[in-house]
Amino acid sequence: MSKRATRLTVKSKGKDEPVEKLIKRFIRKTKKQGIIKELRDRRYFEKPSKIRHEKNIRIKRELEKNRKKRENKRES
């Protein structure tokens, strides 16, 4: 995880803008920057070895998925 300082500002575009729209824009920005995911990941401590292990599993799964897609395209 990165230890970066994040600045997130959401300003109202006008007096007539509803609060719900402002909240939606805020949520979109936080998702785009990955703030919510990082908070969830940091909720509990995970050993670095476990993080690496899960990362390797994710990479292997992605490679297998791509390999199967290529095989299916060749058969078609």
# chains A, B, ... in the order shown; residues from 1 in each chain; ligands from 1
$ select_by_dssp --residues "chain A" --states "alpha helix (DSSP H)" --output "JSON, numbers by chain"
{"A": [19, 20, 21, 22, 23, 24, 25, 26, 27, 28, 29, 30, 31, 32, 33, 35, 36, 37, 38, 39, 40, 41, 42, 48, 49, 50, 51, 52, 53, 54, 55, 56, 57, 58, 59, 60, 61, 62, 63, 64, 65, 66, 67, 68, 69, 70, 71, 72, 73, 74, 75]}
$ atom_distance --atom1 "atom CA of Phe26 of chain A" --atom2 "atom CA of Glu38 of chain A"
16.1 Å
$ residues_around --residues "Lys11 of chain A" --least-positions-apart "4" --cutoff "12 Å" --atoms "only C-alpha atoms" --output "list in words"
Lys15, Glu17, Pro18, Val19, Lys21, Leu22, Ile23, Arg25 and Phe26 of chain A
$ atom_distance --atom1 "atom CA of Leu8 of chain A" --atom2 "atom CA of Lys24 of chain A"
13.7 Å
$ closest_residue --among "A:Lys55, A:Arg7, A:Arg67, A:Asp16" --to "Ile35 of chain A" --atoms "only C-alpha atoms"
A:Arg7
$ atom_distance --atom1 "atom CA of Thr9 of chain A" --atom2 "atom CA of Gly34 of chain A"
15.0 Å
